[in-house]
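S.K.: my_file.cif (mmCIF, C-alpha atoms) pasted underneath:
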data_final
loop_
_atom_site.label_atom_id
_atom_site.label_comp_id
_atom_site.auth_asym_id
_atom_site.auth_seq_id
_atom_site.Cartn_x
_atom_site.Cartn_y
_atom_site.Cartn_z
CA MET F 1 84.96 73.42 37.07
CA CYS F 2 88.10 74.18 35.07
CA ALA F 3 89.82 72.04 32.52
CA ASP F 4 93.27 73.11 33.65
CA GLU F 5 95.01 74.64 36.64
CA ALA F 6 96.12 77.75 34.73
CA HIS F 7 92.47 78.51 33.92
CA ALA F 8 91.56 78.14 37.61
CA ALA F 9 94.45 80.38 38.67
CA ASP F 10 93.45 83.06 36.14
CA ALA F 11 89.83 82.99 37.32
CA THR F 12 90.88 83.23 40.98
CA GLN F 13 93.21 86.12 40.25
CA ASP F 14 90.43 87.95 38.36
CA LEU F 15 88.11 87.55 41.35
CA TRP F 16 90.66 88.90 43.82
CA LEU F 17 91.51 91.83 41.57
CA ARG F 18 87.81 92.77 41.31
CA LEU F 19 87.49 92.60 45.10
CA ILE F 20 90.64 94.67 45.64
CA GLU F 21 89.43 97.28 43.15
CA ASP F 22 85.98 97.48 44.77
CA PRO F 23 86.00 96.13 48.36
CA ALA F 24 82.51 97.58 48.93
CA ARG F 25 81.17 94.59 46.94
CA LEU F 26 81.67 92.43 50.02
CA GLN F 27 79.31 94.56 52.09
CA SER F 28 76.31 93.27 50.15
CA ALA F 29 77.23 89.63 50.79
CA ARG F 30 74.87 87.87 53.19
CA ASN F 31 77.03 84.75 53.16
CA LEU F 32 80.68 85.56 52.43
CA ARG F 33 81.62 81.98 51.56
CA ALA F 34 78.79 81.58 49.04
CA TYR F 35 79.48 85.06 47.66
CA LEU F 36 83.14 84.21 47.02
CA TYR F 37 82.26 80.87 45.39
CA GLY F 38 79.69 82.66 43.22
CA GLY F 39 82.24 85.28 42.23
CA LEU F 40 84.78 82.59 41.45
CA ARG F 41 82.20 80.72 39.40
CA ASN F 42 81.52 83.88 37.39
CA SER F 43 85.26 84.42 36.92
CA VAL F 44 85.64 80.86 35.65
CA PHE F 45 82.88 81.39 33.10
CA ASP F 46 84.30 84.76 32.05
CA GLU F 47 87.74 83.23 31.55
CA PHE F 48 86.23 80.30 29.67
CA ARG F 49 84.38 82.65 27.32
CA ARG F 50 87.59 84.62 26.71
CA ARG F 51 89.52 81.47 25.90
CA SER F 52 86.69 80.12 23.75
CA ARG F 53 86.82 83.19 21.56
CA GLU F 54 90.55 82.61 21.08
CA ARG F 55 90.11 78.92 20.35
CA LYS F 56 87.10 77.91 18.28
CA ALA F 57 87.16 74.28 19.30
CA LEU F 58 88.94 72.18 21.87
CA GLN F 59 90.92 69.23 20.64
CA ASP F 60 89.73 65.78 21.65
CA GLY F 61 91.83 63.91 24.13
CA GLN F 62 92.69 63.86 27.78
CA PRO F 63 92.49 67.24 29.53
CA ALA F 64 95.70 68.76 30.85
CA THR F 65 94.50 68.42 34.43
CA MET F 66 92.01 66.25 36.18
CA LEU F 67 89.00 67.36 38.22
CA VAL F 68 90.04 64.78 40.82
CA LYS F 69 93.63 64.05 41.73
CA PRO F 70 95.04 61.33 43.93
CA ARG F 71 95.81 63.28 47.09
CA ASP F 72 96.52 60.59 49.61
CA THR F 73 97.01 56.87 50.02
CA LEU F 74 93.25 56.29 50.02
CA THR F 75 92.85 57.39 46.41
CA SER F 76 95.05 55.70 43.85
CA GLY F 77 95.79 57.23 40.50
CA GLU F 78 93.53 54.68 38.83
CA GLU F 79 90.65 55.46 41.19
CA ALA F 80 91.12 59.18 40.61
CA ASP F 81 91.08 58.59 36.83
CA ARG F 82 87.83 56.63 37.09
CA LEU F 83 86.19 59.28 39.26
CA ASP F 84 87.44 62.08 37.02
CA SER F 85 86.02 60.35 33.93
CA ALA F 86 82.69 59.74 35.67
CA LEU F 87 82.46 63.37 36.82
CA ARG F 88 83.13 64.58 33.28
CA ARG F 89 80.23 62.43 32.00
CA LEU F 90 77.75 64.25 34.23
CA PRO F 91 75.70 67.11 32.79
CA ASP F 92 77.34 70.45 33.62
CA GLU F 93 74.62 71.43 36.11
CA GLN F 94 75.02 68.21 38.09
CA ARG F 95 78.83 68.21 37.97
CA GLU F 96 78.92 71.78 39.24
CA VAL F 97 76.67 70.93 42.21
CA VAL F 98 78.79 67.89 43.12
CA LEU F 99 82.05 69.84 42.92
CA LEU F 100 80.72 72.72 45.01
CA LYS F 101 79.08 70.41 47.55
CA ILE F 102 81.90 67.92 48.00
CA TYR F 103 85.10 69.75 47.07
CA GLY F 104 83.87 73.22 48.00
CA ASP F 105 82.42 71.82 51.23
CA LEU F 106 79.33 74.03 50.82
CA THR F 107 75.88 73.33 52.20
CA PHE F 108 72.95 72.91 49.80
CA ALA F 109 71.78 76.40 50.75
CA GLU F 110 75.20 77.84 49.93
CA VAL F 111 75.38 75.97 46.63
CA ALA F 112 71.90 77.27 45.78
CA GLU F 113 73.03 80.80 46.55
CA VAL F 114 76.17 80.44 44.42
CA LEU F 115 74.20 79.06 41.47
CA LYS F 116 71.21 81.35 42.03
CA GLU F 117 68.96 78.29 42.05
CA ASN F 118 66.31 76.89 44.36
CA ALA F 119 67.78 74.71 47.13
CA LYS F 120 65.44 71.84 46.20
CA THR F 121 66.71 71.98 42.61
CA VAL F 122 70.29 71.81 43.88
CA GLU F 123 69.46 68.84 46.14
CA SER F 124 67.77 67.06 43.23
CA ARG F 125 70.75 67.62 40.92
CA HIS F 126 73.08 66.34 43.63
CA ARG F 127 70.98 63.21 44.22
CA LEU F 128 70.75 62.45 40.48
CA ALA F 129 74.49 63.00 40.03
CA LEU F 130 75.36 60.68 42.91
CA GLU F 131 73.04 57.99 41.55
CA LYS F 132 74.77 58.18 38.17
CA LEU F 133 78.23 58.18 39.73
CA ARG F 134 77.41 55.14 41.87
CA GLU F 135 76.11 53.30 38.84
CA TRP F 136 79.06 54.19 36.61
CA LEU F 137 81.71 53.57 39.24
CA SER F 138 80.24 50.24 40.30
CA GLY F 139 80.86 49.03 36.75
CA GLU F 140 77.20 48.49 35.88
CA VAL F 141 77.39 50.89 32.93
CA ALA F 142 80.29 50.96 30.51
#
Output the structure of this file as structure tokens.

M.R.:
Amino acid sequence: MCADEAHAADATQDLWLRLIEDPARLQSARNLRAYLYGGLRNSVFDEFRRRSRERKALQDGQPATMLVKPRDTLTSGEEADRLDSALRRLPDEQREVVLLKIYGDLTFAEVAEVLKENAKTVESRHRLALEKLREWLSGEVA
């Protein structure tokens, strides 16, 4: 969900600091994994808002870091670039669901809890996002 690794690190550090300062927050969590992803999501948005106030507009161009990186021999740099570009084309709501579902390895119920959305809405966003990704990555749409 972050445009760069430093942003992600700052958001993660903010989450851990909040939990260290008030460990009782964890007692209200029904699903610890979803609670932590939700807290991280909120930290990301908080950090983004802070940075947005400092910078009025982002410059056009390639982001400093990719959403998807080639991590093994199965994913080449070119494939990772194509997937990263396709993910960035998705509406924010769909991209967030895909990233939480696939890279966060969360269930639809957990994603719904993180996003405070209905599970059916999350499933629908995921399905629509995958349809778009398949279409874009198969080369049918430029």

S.K.: If you measure from CA of Asn118 (chain F) to CA of Glu96 (chain F), what distance in Å do you get, rounded to one decimal?

M.R.: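 CA of Asn118 (chain F) sits 14.5 Å away from CA of Glu96 (chain F).
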
S.K.: Starting from the PyMOL selection byres ((chain F and resi 125) around 12), expand the selection into actual residues of this file and give them as number ranges by chain.

M.R.: F: 90-101, 108, 111-112, 115, 117-124, 126-132

S.K.: Please indicate the distance in Å from CA of Asn31 (chain F) to CA of Val114 (chain F), rounded to one decimal place.

M.R.: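 Distance reported for this atom pair: 9.8 Å.
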
S.K.: What is the distance, in Å and to one decimal place, between CA of Leu87 (chain F) and CA of Leu133 (chain F)?

M.R.: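 Atom-to-atom, CA of Leu87 (chain F) and CA of Leu133 (chain F) are spaced 7.3 Å apart.
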
S.K.: Write out as an MDAnalysis selection string which residues come within 9 Å of Tyr35 (chain F) when counting all atoms listed in the file, dropping same-chain ones fewer than 3 positions away.

M.R.: chainID F and resid 26 29:32 38:40 110 113:114

S.K.: Excluding same-chain residues fewer than 4 positions from Asp14 (chain F), what lies within 8 Å of it counting only C-alpha atoms, as a list of chain:residue names?

M.R.: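 Listed by chain and then number, they are F:Asp10, F:Arg18, F:Ser43.
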
S.K.: With only C-alpha atoms as the basis for distance, which of F:Glu47, F:Ser138, F:Arg33, F:His7 is at the shortest distance from Leu106 (chain F)?

M.R.: F:Arg33

S.K.: Can you tell me, as a list of chain:residue names, what residues are no more than 10 Å from Ala8 (chain F) when counting all atoms listed in the file, ignoring any on the same chain fewer than 3 positions away?

M.R.: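 Residues near the query, excluding close chain neighbours: F:Met1, F:Cys2, F:Ala3, F:Asp4, F:Glu5, F:Ala11, F:Thr12, F:Gln13, F:Asp14, F:Leu40, F:Arg41, F:Ser43, F:Val44, F:Glu47, F:Phe48.
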